[in-house]
Every structure is written in structure tokens, then in C-alpha cells.
Amino acid sequence: MKNFPAYFQKELIENLRTYRLFIILIAFVIFALMEPVIYRMLPRILASEGLDPEVFGMMDTSQQGLLRSYIGNMIQTGILVFTLTLSGALAHEIQKNYWILPRTKGGNASALILSKYMLYSFGIIIVILISFFINRFYTGVLFESTGLTVLWTLQSGLIFSLYFLFILALLFFFVSLTRRSIAAAVTTMLMSFIVMPLLFNFQALQRFLPYGLVQESGLFVINRYSLLPLIASTTLLIFILLWGTIKRVKHMKIY
Amino acid sequence: MIQVKNVKKSFGKHEVIQNMNFSIEAGEIYGFLGPNGAGKTTTMNMLTGLLPLDAGQVYIDGMELSQDHEKIEKIIGYLPEDPQFYPYMTGQEYLTYIGKISRMRAGEIQERNNSLLHLVDLIEAGDRRIGGYSRGMRQRLGLAVAVYNHPKILFLDEPSSALDPQGRRELLDIILKLKDDNTTVFLSTHILSDVERVCDRIAILHEGIIHLEDSIENLQEQYLQPIYEIQWEGDCTPLKEQLKKAQWLEKIHTDKNRMTLYVKDRKKSQRQIFEAFSKIELPMISMGLKRSTLEDIFVKVVNNK
Ligand SMILES: Nc1ncnc2c1ncn2[C@@H]1O[C@H](COP(=O)(O)OP(=O)(O)OP(=O)(O)O)[C@@H](O)[C@H]1O
Ligand SMILES: [Mg+2]
């Protein structure tokens with residue numbers, strides 16, 4: 001791990017030049033802006049379709065409600081963009097044989113993986129916070145402010161980010177299993193779109209399944225009793241996934 | 001310096017390396033030859049620890065490959081057949097990255113970068129992104145990476161395959177210079193004239209077996225057979241019968257007024273050859289001595305066995 005700074009610096013250069021985080025940021029921000037606008041125009045759209053605008057009255061257009069619906073959106077589109085954009089981050093090292101030369105110079109699998117993980121974790125936290133605050137600001141402008149505080153937004157963003165950190169660890173793990181960016185991205189999406197929601201139906205798992213973080217992030221109340229076990233189990237899972245990834249990549253041979 | 005004992009490797013049912021044995025002394029330049037698909041790259045990958053062995057042992061500088069892999073990595077350099085780099089980095093940045101991974105100090109890195117970029121003739125391209133390099137430029141950069149940490153043993157897999165004639169000559173000079181520094185070089189190549197220029201010893205690998213291993217000098221004595229090419233003033237076909245019985249003759253070939261003579265042992269039979277020529281009435285226009293090359297040996301070994 002002594003050469004961690006060298007790896008981190010390399011990841012930084014990579015990111016500035018491949019625009020991965022920038023692409024994710026743009027996607028998240030566009031959705032954060034679009035969502036309030038669409039809600040604003042919904043009554044007129046409904047009316048022009050000949051539908052009863054009363055339906056709209058039943059929708060939650062408070063800032064909290066709108067942020068919650070944004071969260072619901074990003075759990076689909078956000079993860080799609082996130083996994084597809086980042087699937088190459090680790091996979092290309094292996095798939096395109098970039099790792100061979102550094103490796104013959106004493107390169108180190110744990111530094112490679114952890115530097116990537118740290119950079120993208122930090123990046124996605126920033127992206128999510130920015131887009132949450134943009135969403136909060138914009139819903140306050142288009143609808144009336146309903147007292148969604150900065151602190152609540154921040155908390156909600158951090159809880160939601162933790163779920164993305166889990167997805168990232170899952171993605172890396174699948175890359176180490178499949179060695180292929182697309183295969184890993186598809187498996188990760190399968191897990192987050194189908195397997196996770198399915199498992200979440202089991203009462204016994206709800207308290208520990210990272211998917212619970214999504215729900216928690218939209219509650220805007222801190223319930224220590226439900227939140228802490230989720231944070232603990234997700235963190236543990238992230239560690240296990242990263243450890244598995246490092247272990248596999250360390251012993252990986254070319255083929 | 002390198003000892004390979006009973007090494008085997010298969011990919012599925014395909015047995016690529018069948019019981020390979022050889023050893024290389026320190027400071028030696030070892031040419032590893034063989035046709036496409038012979039298993040040269042596979043061998044290189046195994047010796048550099050990138051590919052596991054199915055059976056056998058490899059010792060590098062007295063250390064066993066699988067046990068002391070990390071220590072071995074510090075003393076070897078490898079230029080793969082088709083080296084891959086992060087396309088978004090510049091040559092300079094990549095070398096700096098390699099320097100940091102090899103735990104060099106910042107000042108040292110800058111110095112080493114400059115001298116290596118100079119060595120491989122990439123000074124101007126050093127600040128351009130590698131994504132825009134040609135294959136030959138990537139091979140040059142790969143060489144710079146391979147020698148970066150002053151390795152004791154250098155593995156070069158077809159290092160000149162993408163180089164222009166100038167680059168090839170420079171590469172040979174670099175290899176000879178490394179030999180002066182007592183670096184051991186394991187070199188696989190198809191370019192046999194290069195092998196003759198720099199290698200001390202060669203091995204010919206074919207279908208997973210080493211068919212021939214010897215020093216260049218021995219090979220030249222044993223295998224390199226002299227060939228006379230003679231042009232006569234008229235049709236020389238009738239001479240064929242006359243010369244055929246000679247003891248020194250291995251093979252004779254005639255084509256109108258051209259004749260090719262394959263001679264058994266030039267030193268011993270030289271006098272007899274010229275005596276035989278003097279008895280021939282037909283005027284001779286020209287005579288040239290052509291040495292058969294390593295290429296002929298190569299083709300012979302690969303076709304016979
Ligand atoms: N990963 C792999 N899976 C299956 N077969 C392989 C693999 N790698 C190499 N081979 C086979 O092993 C044999 C030797 O390949 P190798 O690349 O070592 O040849 P080479 O001597 O380097 O050839 P060239 O001169 O073309 O570079 C070939 O028949 C090749 O098809
Ligand atoms: Mg090869």
C-alpha cells in the first residue's frame with residue numbers, strides 16, 4: 001500500500017480525461033431539474049389528454065414528496081447511468097491488459113482497487129449531494145417551500161450515497177468475477193433492479209438489506225433503530241465485497 | 001540466472017509446452033526462436049509470473065518463481081508482445097507512474113524519464129497522449145518501461161516486430177549495451193539476422209518442444225554449410241554428372257548456366273573443390289560463396305521434426 005498515492009494520482013488523471021464522474025454528474029443534475037418541471041406541467045398535460053386534473057391533487061408536491069420521487073427515479077436511471085459509466089473503470093484494466101506492465105513493476109492490486117473505490121465513492125457522494133440540493137432549490141422555486149431543511153437534505157443525500165457505495169462495491173466484485181465490463185454492469189443491474197427488491201419482501205431481511213437505505217433516505221426522520229443496523233450491515237458488505245475483489249484480482253493471471 | 005525444469009503448460013486439451021528444460025547464465029543473451037504458435041509468448045508469461053505453470057519449477061536468480069514472486073518482480077523487466085498503456089496518459093506521465101510504482105524518488109524519476117525517452121527516441125512524443133502513438137512507438141515506450149528499474153533480467157517478446165529499420169538497429173545497440181552492464185536478456189524474435197548479431201545462445205522451440213539449443217558459434221560450425229553459386233558461360237547441365245561423384249559434395253543443383261553447390265566441409269575440401277573446377281573446360285564467369293544462414297537452420301529444424 002506504500003504506492004497508494006501513485007495509484008490515486010493516476011485515477012485522478014484518468015477521471016479528468018475520461019469524464020466518467022462528469023457524465024454521472026450531468027445525468028443526475030438533469031434529472032434533478034427535470035423532475036420538478038414535469039410535475040409542474042403535469043396538470044396541463046393531464047387536462048390536454050382529457051383526464052381529470054383531480055388526480056394531480058392526490059400527488060405529493062411538497063418538497064419532501066418531490067425529493068422522494070426523485071430518489072425513486074434515481075434508483076432506476078441513476079444506477080443505470082452509474083453502473084454503465086463506471087463498469088469500465090476496473091474492467092478495462094484487466095480486459096485491455098493495462099494492468100500487465102505496472103504489475104511487472106511490483107504493482108499492487110489492493111492499491112489499484114482501493115484508489116479507484118475511494119475516488120469514485122467520493123465522487124458519487126458529491127454528485128448526489130449536488131443534485132439533491134439542486135432538486136431542493138428548484139422544487140422550492142416552482143412549488144412553495146415546505147420546510148425541507150438543509151440538514152435533512154444532507155442527511156438524506158448521505159444515506160442515499162451509502163447505497164451507491166454498496167452498488168459500486170458490487171460492481172467491482174462482479175468485474176473481478178467476470179473480467180468483462182458489460183457482463184459486470186448487467187449483473188449489477190440485475191441485482192439492484194430485481195434481486196434486491198425481491199429480497200426486500202422478506203420481513204427478516206428488511207432490517208439488514210442495503211436496499212432499505214433507499215427507503216430511509218426518503219423518510220426525513222432519523223430513526224436510529226432502523227437506520228443503524230442498515231448502515232452497519234451495508235458497511236460490512238462493502239468491506240467483504242472489496243476484500244473479495246482484491247483477493248481475486250491479486251491472484252488473477254493473464255489468459 | 002534462469003533455470004527451467006520440466007515445465008509443462010496446456011490450454012484445455014491443447015498441450016502448448018511439453019516438458020521444457022533449459023538454463024541461462026548471468027549476462028547471457030538467449031535467443032528464443034520458433035514459428036508462430038510455438039509457445040514463445042506462453043513461456044515468457046510463465047517465466048514472468050503472469051501465467052501459472054501446470055508442472056515443473058522455474059528458478060530466477062536462485063529464487064523459486066511462485067514462492068518469491070514479489071522479490072523476483074523487482075529484478076525483472078518485461079516487454080510483452082503487444083504492450084498496452086493507458087491511452088489518456090502521455091509517455092512522460094506513464095513513465096512517472098511506473099517510477100512511482102517502483103518506489104523511486106521524484107528527482108530520480110525525472111532524470112530516468114528523460115534519459116529513457118532519449119534512449120528510445122520518444123523525446124518529442126513524450127508529451128503527447130499514448131492513445132495517439134503508433135505501434136512502433138508503443139513498442140519503444142514498452143522498452144523504456146521494461147528497463148526502467150535497471151532489471152537484472154530482461155524478457156523481450158518480439159521487441160522489434162513493429163520497429164522501422166533504424167529502430168531495429170537502435171534496439172540491437174541497446175541490447176548490446178545492456179549486455180555490457182551484465183544484464184541477462186531473454187529474447188524471442190522471428191528476425192534471425194538480429195539473433196545472429198546479438199545472441200550468445202539460441203533455442204528453437206517447435207510445437208512445445210525445444211528441438212535445438214546451442215551457442216551461435218557451435219551452430220555456425222555444425223550447421224552453417226557453405227554454398228557456392230557459380231555462373232558458367234554455357235549450359236552446365238552436363239557438368240552435373242561429372243561433379244556428382246566428388247566426395248566433398250553434398251548436393252548439386254543446375255539451371256542452364258547457373259550452378260549451386262552444397263559443400264560438406266569447406267575447410268577440408270577447399271583444395272579438392274578447386275582442383276575439380278580446374279579440370280572443367282567450360283569458362284567460369286563468376287563464383288560466389290554464400291553461407292547458409294540461421295534461417296536455413298530454422299527452416300530445417302521446423303520442417304524435419
Ligand atoms: N489463453 C489461451 N487459451 C488457449 N490457447 C492459447 C492461449 N494462449 C495461447 N494459446 C495457444 O498456445 C499456443 C502458443 O501460443 P503463443 O502465443 O505462446 O505462441 P508464440 O510462440 O508466442 O507465437 P507468435 O510467434 O505468433 O507470437 C498457440 O497454439 C495458441 O493458440
Ligand atoms: Mg508470441
# chains A, B, ... in the order shown; residues from 1 in each chain; ligands from 1
$ closest_atom_pairs --of "chain B" --to "chain A" --cutoff "6 Å" --atoms "only C-alpha atoms" --output "Markdown table"
| residue | atom | partner | partner_atom | distance |
| --- | --- | --- | --- | --- |
| B:Leu50 | CA | A:Lys253 | CA | 5.3 |
| B:Leu51 | CA | A:Lys253 | CA | 5.3 |
| B:Glu73 | CA | A:Gly106 | CA | 5.8 |
| B:Gln84 | CA | A:Tyr98 | CA | 5.3 |
| B:Phe85 | CA | A:Tyr98 | CA | 5.5 |
| B:Lys100 | CA | A:Ala6 | CA | 5.9 |
| B:Ile101 | CA | A:Asn3 | CA | 5.8 |
| B:Ser102 | CA | A:Lys105 | CA | 5.9 |
$ write_last_selection --atoms "N, CA, C and O atoms" --output "PDB file, in the first residue's frame"
ATOM      1  N   LEU B  50       3.177 -14.272 -14.863  1.00  0.00           N
ATOM      2  CA  LEU B  50       1.836 -13.801 -15.219  1.00  0.00           C
ATOM      3  C   LEU B  50       0.895 -14.957 -15.536  1.00  0.00           C
ATOM      4  O   LEU B  50      -0.308 -14.784 -15.602  1.00  0.00           O
ATOM      5  N   LEU B  51       1.470 -16.120 -15.744  1.00  0.00           N
ATOM      6  CA  LEU B  51       0.677 -17.286 -16.117  1.00  0.00           C
ATOM      7  C   LEU B  51       1.157 -18.452 -15.255  1.00  0.00           C
ATOM      8  O   LEU B  51       2.353 -18.675 -15.138  1.00  0.00           O
ATOM      9  N   GLU B  73       9.825  -9.970  -9.031  1.00  0.00           N
ATOM     10  CA  GLU B  73       9.290  -8.849  -9.814  1.00  0.00           C
ATOM     11  C   GLU B  73      10.219  -7.633  -9.787  1.00  0.00           C
ATOM     12  O   GLU B  73      10.277  -6.872 -10.739  1.00  0.00           O
ATOM     13  N   GLN B  84       0.334  -2.689 -23.674  1.00  0.00           N
ATOM     14  CA  GLN B  84      -0.842  -1.814 -23.602  1.00  0.00           C
ATOM     15  C   GLN B  84      -0.638  -0.760 -22.512  1.00  0.00           C
ATOM     16  O   GLN B  84      -0.197  -1.072 -21.417  1.00  0.00           O
ATOM     17  N   PHE B  85      -1.001   0.475 -22.843  1.00  0.00           N
ATOM     18  CA  PHE B  85      -0.841   1.578 -21.894  1.00  0.00           C
ATOM     19  C   PHE B  85      -2.162   2.309 -21.750  1.00  0.00           C
ATOM     20  O   PHE B  85      -3.005   2.239 -22.630  1.00  0.00           O
ATOM     21  N   LYS B 100       6.990   5.703  -9.881  1.00  0.00           N
ATOM     22  CA  LYS B 100       6.420   5.761  -8.529  1.00  0.00           C
ATOM     23  C   LYS B 100       6.072   4.366  -8.034  1.00  0.00           C
ATOM     24  O   LYS B 100       6.270   4.060  -6.859  1.00  0.00           O
ATOM     25  N   ILE B 101       5.552   3.543  -8.921  1.00  0.00           N
ATOM     26  CA  ILE B 101       5.219   2.179  -8.511  1.00  0.00           C
ATOM     27  C   ILE B 101       6.483   1.421  -8.121  1.00  0.00           C
ATOM     28  O   ILE B 101       6.474   0.627  -7.186  1.00  0.00           O
ATOM     29  N   SER B 102       7.583   1.691  -8.822  1.00  0.00           N
ATOM     30  CA  SER B 102       8.834   1.029  -8.450  1.00  0.00           C
ATOM     31  C   SER B 102       9.529   1.735  -7.290  1.00  0.00           C
ATOM     32  O   SER B 102      10.707   1.499  -7.045  1.00  0.00           O
TER      33      SER B 102
END
$ residues_around --residues "stretch 29-33 of chain B" --least-positions-apart "6" --cutoff "6 Å" --atoms "only C-alpha atoms" --output "list in words"
Thr184, Val185, Phe186, Leu187, Ser188, Thr189, Cys199, Asp200, Arg201, Ile202, Ala203, Ile204 and Leu205 of chain B
$ atom_distance --atom1 "atom CA of A:Gln215" --atom2 "atom CA of A:Met58"
20.7 Å
$ residues_around --residues "A:Phe82" --least-positions-apart "6" --cutoff "10 Å" --atoms "only C-alpha atoms" --output "PyMOL selection string"
chain A and resi 20-21+23-25+27-28+74+76+124+164+167-168+171+185+189
$ write_last_selection --atoms "C-alpha atoms" --output "PDB file, in the first residue's frame"
ATOM      1  CA  ARG A  20     -16.656   9.447 -16.091  1.00  0.00           C
ATOM      2  CA  LEU A  21     -17.739  11.359 -12.998  1.00  0.00           C
ATOM      3  CA  ILE A  23     -21.050  12.249 -17.169  1.00  0.00           C
ATOM      4  CA  ILE A  24     -22.682  10.930 -14.000  1.00  0.00           C
ATOM      5  CA  LEU A  25     -22.961  14.435 -12.586  1.00  0.00           C
ATOM      6  CA  ALA A  27     -27.158  12.870 -15.717  1.00  0.00           C
ATOM      7  CA  PHE A  28     -28.039  13.333 -12.049  1.00  0.00           C
ATOM      8  CA  MET A  74     -32.523   7.677  -9.447  1.00  0.00           C
ATOM      9  CA  GLN A  76     -33.505   3.204 -11.666  1.00  0.00           C
ATOM     10  CA  ILE A 124     -20.693   9.902  -6.197  1.00  0.00           C
ATOM     11  CA  PHE A 164     -24.480   3.780  -4.189  1.00  0.00           C
ATOM     12  CA  ILE A 167     -23.594  -0.745  -5.675  1.00  0.00           C
ATOM     13  CA  LEU A 168     -20.051   0.316  -6.594  1.00  0.00           C
ATOM     14  CA  LEU A 171     -19.912  -3.731  -9.478  1.00  0.00           C
ATOM     15  CA  ALA A 185     -22.715  -3.996 -15.316  1.00  0.00           C
ATOM     16  CA  MET A 189     -28.231  -4.005 -12.509  1.00  0.00           C
TER      17      MET A 189
END
$ residues_around --residues "B:Gly167" --least-positions-apart "6" --cutoff "9 Å" --atoms "only C-alpha atoms" --output "list in words"
Val120, Asp121, Gly136, Arg140 and Ser160 of chain B
$ closest_residue --among "B:Lys5, B:His190, B:Arg129, B:Lys13" --to "ligand 2" --atoms "only C-alpha atoms and all ligand atoms"
B:His190
$ closest_residue --among "B:Gly12, B:Gly39, B:Pro52, B:Pro226" --to "ligand 1" --atoms "only C-alpha atoms and all ligand atoms"
B:Gly39
$ residues_near_ligand --ligand "ligand 2" --cutoff "7 Å" --atoms "only C-alpha atoms and all ligand atoms" --output "number ranges by chain"
B: 36-37, 39-41, 81, 157
$ write_last_selection --atoms "N, CA, C and O atoms" --output "mmCIF file, in the first residue's frame"
data_model
loop_
_atom_site.group_PDB
_atom_site.id
_atom_site.type_symbol
_atom_site.label_atom_id
_atom_site.label_comp_id
_atom_site.auth_asym_id
_atom_site.auth_seq_id
_atom_site.Cartn_x
_atom_site.Cartn_y
_atom_site.Cartn_z
ATOM 1 N N ASN B 36 5.216 -19.193 -35.469
ATOM 2 C CA ASN B 36 4.001 -18.681 -34.817
ATOM 3 C C ASN B 36 3.287 -19.808 -34.091
ATOM 4 O O ASN B 36 3.147 -20.903 -34.611
ATOM 5 N N GLY B 37 2.874 -19.510 -32.879
ATOM 6 C CA GLY B 37 2.119 -20.501 -32.123
ATOM 7 C C GLY B 37 2.977 -21.569 -31.477
ATOM 8 O O GLY B 37 2.459 -22.551 -30.950
ATOM 9 N N GLY B 39 4.719 -21.309 -28.792
ATOM 10 C CA GLY B 39 4.626 -21.237 -27.336
ATOM 11 C C GLY B 39 5.625 -20.269 -26.724
ATOM 12 O O GLY B 39 5.882 -20.315 -25.525
ATOM 13 N N LYS B 40 6.158 -19.357 -27.529
ATOM 14 C CA LYS B 40 7.151 -18.401 -27.016
ATOM 15 C C LYS B 40 6.525 -17.444 -26.012
ATOM 16 O O LYS B 40 7.023 -17.253 -24.901
ATOM 17 N N THR B 41 5.409 -16.823 -26.407
ATOM 18 C CA THR B 41 4.746 -15.880 -25.512
ATOM 19 C C THR B 41 4.266 -16.577 -24.247
ATOM 20 O O THR B 41 4.395 -16.052 -23.138
ATOM 21 N N GLU B 81 4.591 -8.778 -25.996
ATOM 22 C CA GLU B 81 4.475 -8.749 -27.452
ATOM 23 C C GLU B 81 3.768 -7.478 -27.934
ATOM 24 O O GLU B 81 4.230 -6.810 -28.841
ATOM 25 N N ASP B 157 9.693 -9.868 -25.707
ATOM 26 C CA ASP B 157 8.915 -10.717 -26.610
ATOM 27 C C ASP B 157 8.749 -10.017 -27.954
ATOM 28 O O ASP B 157 7.971 -9.075 -28.079
#
$ closest_residue --among "B:Arg258, B:Arg112, B:His206, B:Lys177" --to "B:Leu95" --atoms "only C-alpha atoms"
B:Arg112
$ residues_around --residues "B:Glu15" --least-positions-apart "3" --cutoff "12 Å" --atoms "only C-alpha atoms" --output "list in words"
Val7, Lys8, Lys9, Ser10, Phe11, Gly12, Gln18, Asn19, Met20, Gly37, Ala38, Gly39, Thr42, Asp54, Ala55, Glu207, Gly208 and Ile209 of chain B
$ atom_distance --atom1 "atom CA of B:Val302" --atom2 "atom 21 (O, counted along the ligand's line) of ligand 1"
12.8 Å
$ residues_around --residues "B:Phe277" --least-positions-apart "6" --cutoff "12 Å" --atoms "only C-alpha atoms" --output "MDAnalysis selection string"
chainID B and resid 228 230 232 239 242:243 246 261 270:271 283:284 287
$ residues_around --residues "stretch 143-153 of chain A" --least-positions-apart "5" --cutoff "9 Å" --atoms "only C-alpha atoms" --output "list in words"
Pro36, Arg40, Thr61, Ser62, Gln63, Gln64, Leu67, Leu129, Phe132, Phe133, Arg136, Phe137, Tyr138, Leu158, Phe220 and Val221 of chain A
